[in-house]
There are 4 protein chains.
Amino acid sequence: MSTLDVIRSAPQQLTVDAALVAAAIDAATACTVVCTACASACLSESDVEGMATCVRDDLDCADLCGVTARHLARLNASDRQLTTSLLAACIEACVQCAASCAPHREHHEHCRLCEEAALRCEQACQALLDALR
Amino acid sequence: MSTLDVIRSAPQQLTVDAALVAAAIDAATACTVVCTACASACLSESDVEGMATCVRDDLDCADLCGVTARHLARLNASDRQLTTSLLAACIEACVQCAASCAPHREHHEHCRLCEEAALRCEQACQALLDALR
Amino acid sequence: MSTLDVIRSAPQQLTVDAALVAAAIDAATACTVVCTACASACLSESDVEGMATCVRDDLDCADLCGVTARHLARLNASDRQLTTSLLAACIEACVQCAASCAPHREHHEHCRLCEEAALRCEQACQALLDALR
Amino acid sequence: MSTLDVIRSAPQQLTVDAALVAAAIDAATACTVVCTACASACLSESDVEGMATCVRDDLDCADLCGVTARHLARLNASDRQLTTSLLAACIEACVQCAASCAPHREHHEHCRLCEEAALRCEQACQALLDALR
């Protein structure tokens, strides 16, 4: 079962390519998990006092990606304005999170994975946003 | 214990009036509860087939208000861009939810309360957004 | 508008006192906000390396209280088994969070407020759980 | 990047097989998406008046699976009691959701996919719960 199958099983019409919606849901969902894990892992690192911004941006990104995935999973033809606002906020959170993880990518594998997931989510949300506009 | 006490107990500096942040958190938190209850109540009404849009907009509004309250509860001086994007999305969700509940306000008390909570949240988020810009 | 008004505006019948449900929703909602704020505040403290457990337990408690409030806001007569399991998990999270905040209550006001909110939520959830059994 | 890679990148020790944790996170994450989509799809069906229980149980299951995935993503050796309580509640929500979707599986593909995802999540959570006890 793929996310695309799930999106296509709904009766409501979309005004945008379902594959782009499914890709954004998958990227946002993966990013929520990695951000949540990265925040927790940062707290267990010996250099936690340098990781506060990273943890806080992880938490924002996990929340934004989670709520974006949920909104996209119930997407309807009529939701365009909220969808574009929410995608914009999610992209913001991903960019900020990736920037906070980047300085730690060499010494913390979870930060490297998190930066990667955030950038992938940002791209998937941007592709959907471009298609919606 | 008020939300303002909680906000003021944090060591990080805010660049905006803490009372506006606390008011937005309280309004968003209340709105999450009412939207969630309204969606469930709509499902139990005999005219549920006319309430689908109302339920869906309730769910979006509950999610957006919830994540906005969480972001504001961990607000930091450095978060301005994400904060403004998220407040804009939350306002969008509140406006949409209030518009979907309004036609049912005479016959469903939960829709009347939900419209009221969504408009109050929209105003509190707008006041904070104005102060941040 | 009180949470009790909202609960009473729903057409579905409850098999438990609505005032206990409303009290649990209010306590859980308040606890979510305080736990989220406390986690963020801990990250800004100079002794953050000693606060990792506190932050992690705050995050668990914020999540559990949030989802418990949402479940209770859509409560139905038929939900008893999930409701009791979820209340049990929420109580667990509150107890753990209060225990992690307690050692910091003298030097961090946010930990004192958070311990208080978690204990209040634990009591409100326990009162509802007792009534359901 | 797999969820298992993410779990293994964290410095904290687990007292349970990381592969079981990763499998439960993946199943819970997928279930959140399908439940959210199924609830929205149900609202667009012509027989929505018969779908109210299905929608409500989808929403509970989406919330429980979401918060379970987040808790497991930040799992620590010390979390055993909350983890077992939360897994028990999540299993309850999955069982209830699958039972509500089952009667619609022939005529609504989203209910068939949702029942499948809920049962898979129930099994992954049960396997982890067995390992923790």
# chains A, B, ... in the order shown; residues from 1 in each chain; ligands from 1
call {"tool": "interface_residues", "arguments": {"of": "chain B", "to": "chain A", "cutoff": "7 Å", "atoms": "only C-alpha atoms", "output": "count of residues only"}}
result
11
call {"tool": "residues_around", "arguments": {"residues": "region 127-130 of chain A", "least_positions_apart": "2", "cutoff": "9 Å", "atoms": "only C-alpha atoms", "output": "PyMOL selection string"}}
result
chain A and resi 16-17+20-21+23-24+83-84+87-88+122-125+132-133
call {"tool": "write_last_selection", "arguments": {"atoms": "C-alpha atoms", "output": "CSV table (one decimal), in the first residue's frame"}}
result
chain,number,residue,atom,x,y,z
A,16,VAL,CA,-3.4,19.1,-8.5
A,17,ASP,CA,-1.4,16.0,-9.4
A,20,LEU,CA,2.8,15.5,-5.9
A,21,VAL,CA,0.5,15.4,-2.9
A,23,ALA,CA,5.3,12.7,-2.3
A,24,ALA,CA,4.8,15.7,0.0
A,83,THR,CA,-2.8,24.7,1.6
A,84,THR,CA,-0.5,27.3,0.2
A,87,LEU,CA,3.1,24.7,2.8
A,88,ALA,CA,4.9,28.1,3.0
A,122,GLU,CA,11.3,21.4,1.7
A,123,GLN,CA,11.7,20.3,-2.0
A,124,ALA,CA,8.5,18.1,-2.0
A,125,CYS,CA,6.5,20.9,-0.4
A,132,LEU,CA,-0.9,24.8,-6.8
A,133,ARG,CA,0.0,28.4,-7.8
call {"tool": "closest_residue", "arguments": {"among": "D:Gly50, D:Val55, D:Ala41, D:Ala77", "to": "Gln13 (chain A)", "atoms": "only C-alpha atoms"}}
result
D:Ala41
call {"tool": "calpha_fit_and_write", "arguments": {"fixed": "chain D", "moving": "chain A", "output": "tab-separated table (two decimals) with C-alpha atoms, in the first residue's frame"}}
result
chain	number	residue	atom	x	y	z
A	1	MET	CA	17.53	6.63	4.88
A	2	SER	CA	15.48	4.15	6.89
A	3	THR	CA	13.79	4.68	10.27
A	4	LEU	CA	16.17	2.05	11.66
A	5	ASP	CA	19.17	4.18	10.59
A	6	VAL	CA	17.62	7.11	12.40
A	7	ILE	CA	16.99	5.13	15.60
A	8	ARG	CA	20.54	3.78	15.52
A	9	SER	CA	22.04	7.26	15.06
A	10	ALA	CA	20.93	8.29	18.57
A	11	PRO	CA	23.43	8.02	21.43
A	12	GLN	CA	20.96	6.82	24.07
A	13	GLN	CA	20.85	3.07	24.73
A	14	LEU	CA	17.67	1.11	24.11
A	15	THR	CA	16.77	-1.94	26.18
A	16	VAL	CA	14.79	-3.40	23.30
A	17	ASP	CA	15.58	-4.41	19.69
A	18	ALA	CA	15.84	-1.21	17.61
A	19	ALA	CA	14.33	-3.01	14.60
A	20	LEU	CA	11.09	-3.57	16.54
A	21	VAL	CA	10.98	0.11	17.49
A	22	ALA	CA	11.59	1.19	13.90
A	23	ALA	CA	8.91	-1.20	12.61
A	24	ALA	CA	6.37	0.18	15.09
A	25	ILE	CA	7.23	3.76	14.14
A	26	ASP	CA	6.81	2.99	10.43
A	27	ALA	CA	3.51	1.18	10.93
A	28	ALA	CA	2.14	3.93	13.21
A	29	THR	CA	3.23	6.67	10.83
A	30	ALA	CA	1.62	4.97	7.84
A	31	CYS	CA	-1.55	4.37	9.87
A	32	THR	CA	-1.81	8.07	10.82
A	33	VAL	CA	-1.78	9.04	7.14
A	34	VAL	CA	-4.32	6.41	6.06
A	35	CYS	CA	-6.69	7.11	8.97
A	36	THR	CA	-6.60	10.86	8.27
A	37	ALA	CA	-7.26	10.28	4.58
A	38	CYS	CA	-10.00	7.72	5.30
A	39	ALA	CA	-11.81	10.13	7.66
A	40	SER	CA	-11.79	12.82	5.01
A	41	ALA	CA	-12.82	10.41	2.25
A	42	CYS	CA	-15.73	9.08	4.36
A	43	LEU	CA	-17.02	12.65	4.62
A	44	SER	CA	-17.21	12.87	0.83
A	45	GLU	CA	-19.08	9.58	0.40
A	46	SER	CA	-22.79	9.64	-0.43
A	47	ASP	CA	-23.50	7.34	2.55
A	48	VAL	CA	-21.79	9.64	5.07
A	49	GLU	CA	-24.64	9.27	7.58
A	50	GLY	CA	-23.57	5.62	8.04
A	51	MET	CA	-19.89	6.52	8.35
A	52	ALA	CA	-19.90	8.69	11.53
A	53	THR	CA	-18.42	5.99	13.78
A	54	CYS	CA	-15.82	5.20	11.15
A	55	VAL	CA	-14.76	8.86	10.93
A	56	ARG	CA	-14.57	9.27	14.70
A	57	ASP	CA	-12.54	6.06	15.16
A	58	ASP	CA	-10.26	7.11	12.28
A	59	LEU	CA	-9.57	10.40	14.07
A	60	ASP	CA	-8.79	8.68	17.38
A	61	CYS	CA	-6.54	6.17	15.62
A	62	ALA	CA	-4.70	8.88	13.66
A	63	ASP	CA	-4.02	10.79	16.88
A	64	LEU	CA	-2.93	7.76	18.90
A	65	CYS	CA	-0.66	6.43	16.15
A	66	GLY	CA	0.86	9.87	15.65
A	67	VAL	CA	1.72	10.37	19.29
A	68	THR	CA	2.98	6.78	19.62
A	69	ALA	CA	5.34	7.26	16.66
A	70	ARG	CA	6.66	10.46	18.25
A	71	HIS	CA	7.19	8.83	21.64
A	72	LEU	CA	8.98	5.86	20.06
A	73	ALA	CA	11.17	8.19	17.97
A	74	ARG	CA	12.53	9.72	21.18
A	75	LEU	CA	12.66	6.46	23.13
A	76	ASN	CA	15.07	6.14	26.00
A	77	ALA	CA	16.07	3.22	28.21
A	78	SER	CA	14.13	4.73	31.11
A	79	ASP	CA	10.70	5.13	29.48
A	80	ARG	CA	9.35	1.61	29.94
A	81	GLN	CA	6.14	2.32	31.90
A	82	LEU	CA	4.85	5.11	29.69
A	83	THR	CA	5.82	3.15	26.58
A	84	THR	CA	3.80	0.10	27.59
A	85	SER	CA	0.75	2.22	28.57
A	86	LEU	CA	0.89	4.15	25.34
A	87	LEU	CA	1.34	1.06	23.17
A	88	ALA	CA	-1.68	-0.48	24.92
A	89	ALA	CA	-3.79	2.59	24.13
A	90	CYS	CA	-2.55	2.66	20.53
A	91	ILE	CA	-3.42	-1.01	20.06
A	92	GLU	CA	-6.91	-0.28	21.43
A	93	ALA	CA	-7.36	2.56	18.93
A	94	CYS	CA	-6.15	0.38	16.02
A	95	VAL	CA	-8.46	-2.52	16.91
A	96	GLN	CA	-11.44	-0.16	17.20
A	97	CYS	CA	-10.61	1.60	13.91
A	98	ALA	CA	-10.14	-1.67	12.02
A	99	ALA	CA	-13.48	-2.93	13.34
A	100	SER	CA	-15.23	0.27	12.21
A	101	CYS	CA	-13.67	0.18	8.73
A	102	ALA	CA	-14.23	-3.54	8.13
A	103	PRO	CA	-17.98	-3.33	7.29
A	104	HIS	CA	-17.19	-0.79	4.53
A	105	ARG	CA	-14.19	-2.54	2.98
A	106	GLU	CA	-16.12	-3.92	-0.01
A	107	HIS	CA	-17.57	-0.61	-1.19
A	108	HIS	CA	-14.92	1.90	0.00
A	109	GLU	CA	-11.31	1.21	-0.98
A	110	HIS	CA	-10.09	3.77	1.63
A	111	CYS	CA	-11.78	1.74	4.37
A	112	ARG	CA	-10.11	-1.44	3.10
A	113	LEU	CA	-6.68	0.25	3.11
A	114	CYS	CA	-7.36	1.77	6.52
A	115	GLU	CA	-8.40	-1.53	8.10
A	116	GLU	CA	-5.21	-3.08	6.70
A	117	ALA	CA	-2.98	-0.29	8.02
A	118	ALA	CA	-4.62	-0.37	11.46
A	119	LEU	CA	-4.16	-4.15	11.77
A	120	ARG	CA	-0.53	-3.86	10.67
A	121	CYS	CA	0.08	-1.14	13.26
A	122	GLU	CA	-1.64	-3.17	15.95
A	123	GLN	CA	0.68	-6.12	15.18
A	124	ALA	CA	3.84	-3.99	15.18
A	125	CYS	CA	2.87	-2.36	18.49
A	126	GLN	CA	2.00	-5.74	19.98
A	127	ALA	CA	5.37	-7.20	18.94
A	128	LEU	CA	7.17	-4.29	20.60
A	129	LEU	CA	4.98	-4.56	23.71
A	130	ASP	CA	5.77	-8.28	24.00
A	131	ALA	CA	9.50	-7.54	23.74
A	132	LEU	CA	9.28	-4.83	26.42
A	133	ARG	CA	7.47	-6.98	28.98
call {"tool": "select_by_dssp", "arguments": {"residues": "chain C", "states": "helix (DSSP H, G or I)", "output": "VMD selection string"}}
result
chain C and resid 3 to 8 18 to 44 48 to 50 52 to 73 80 to 104 109 to 132
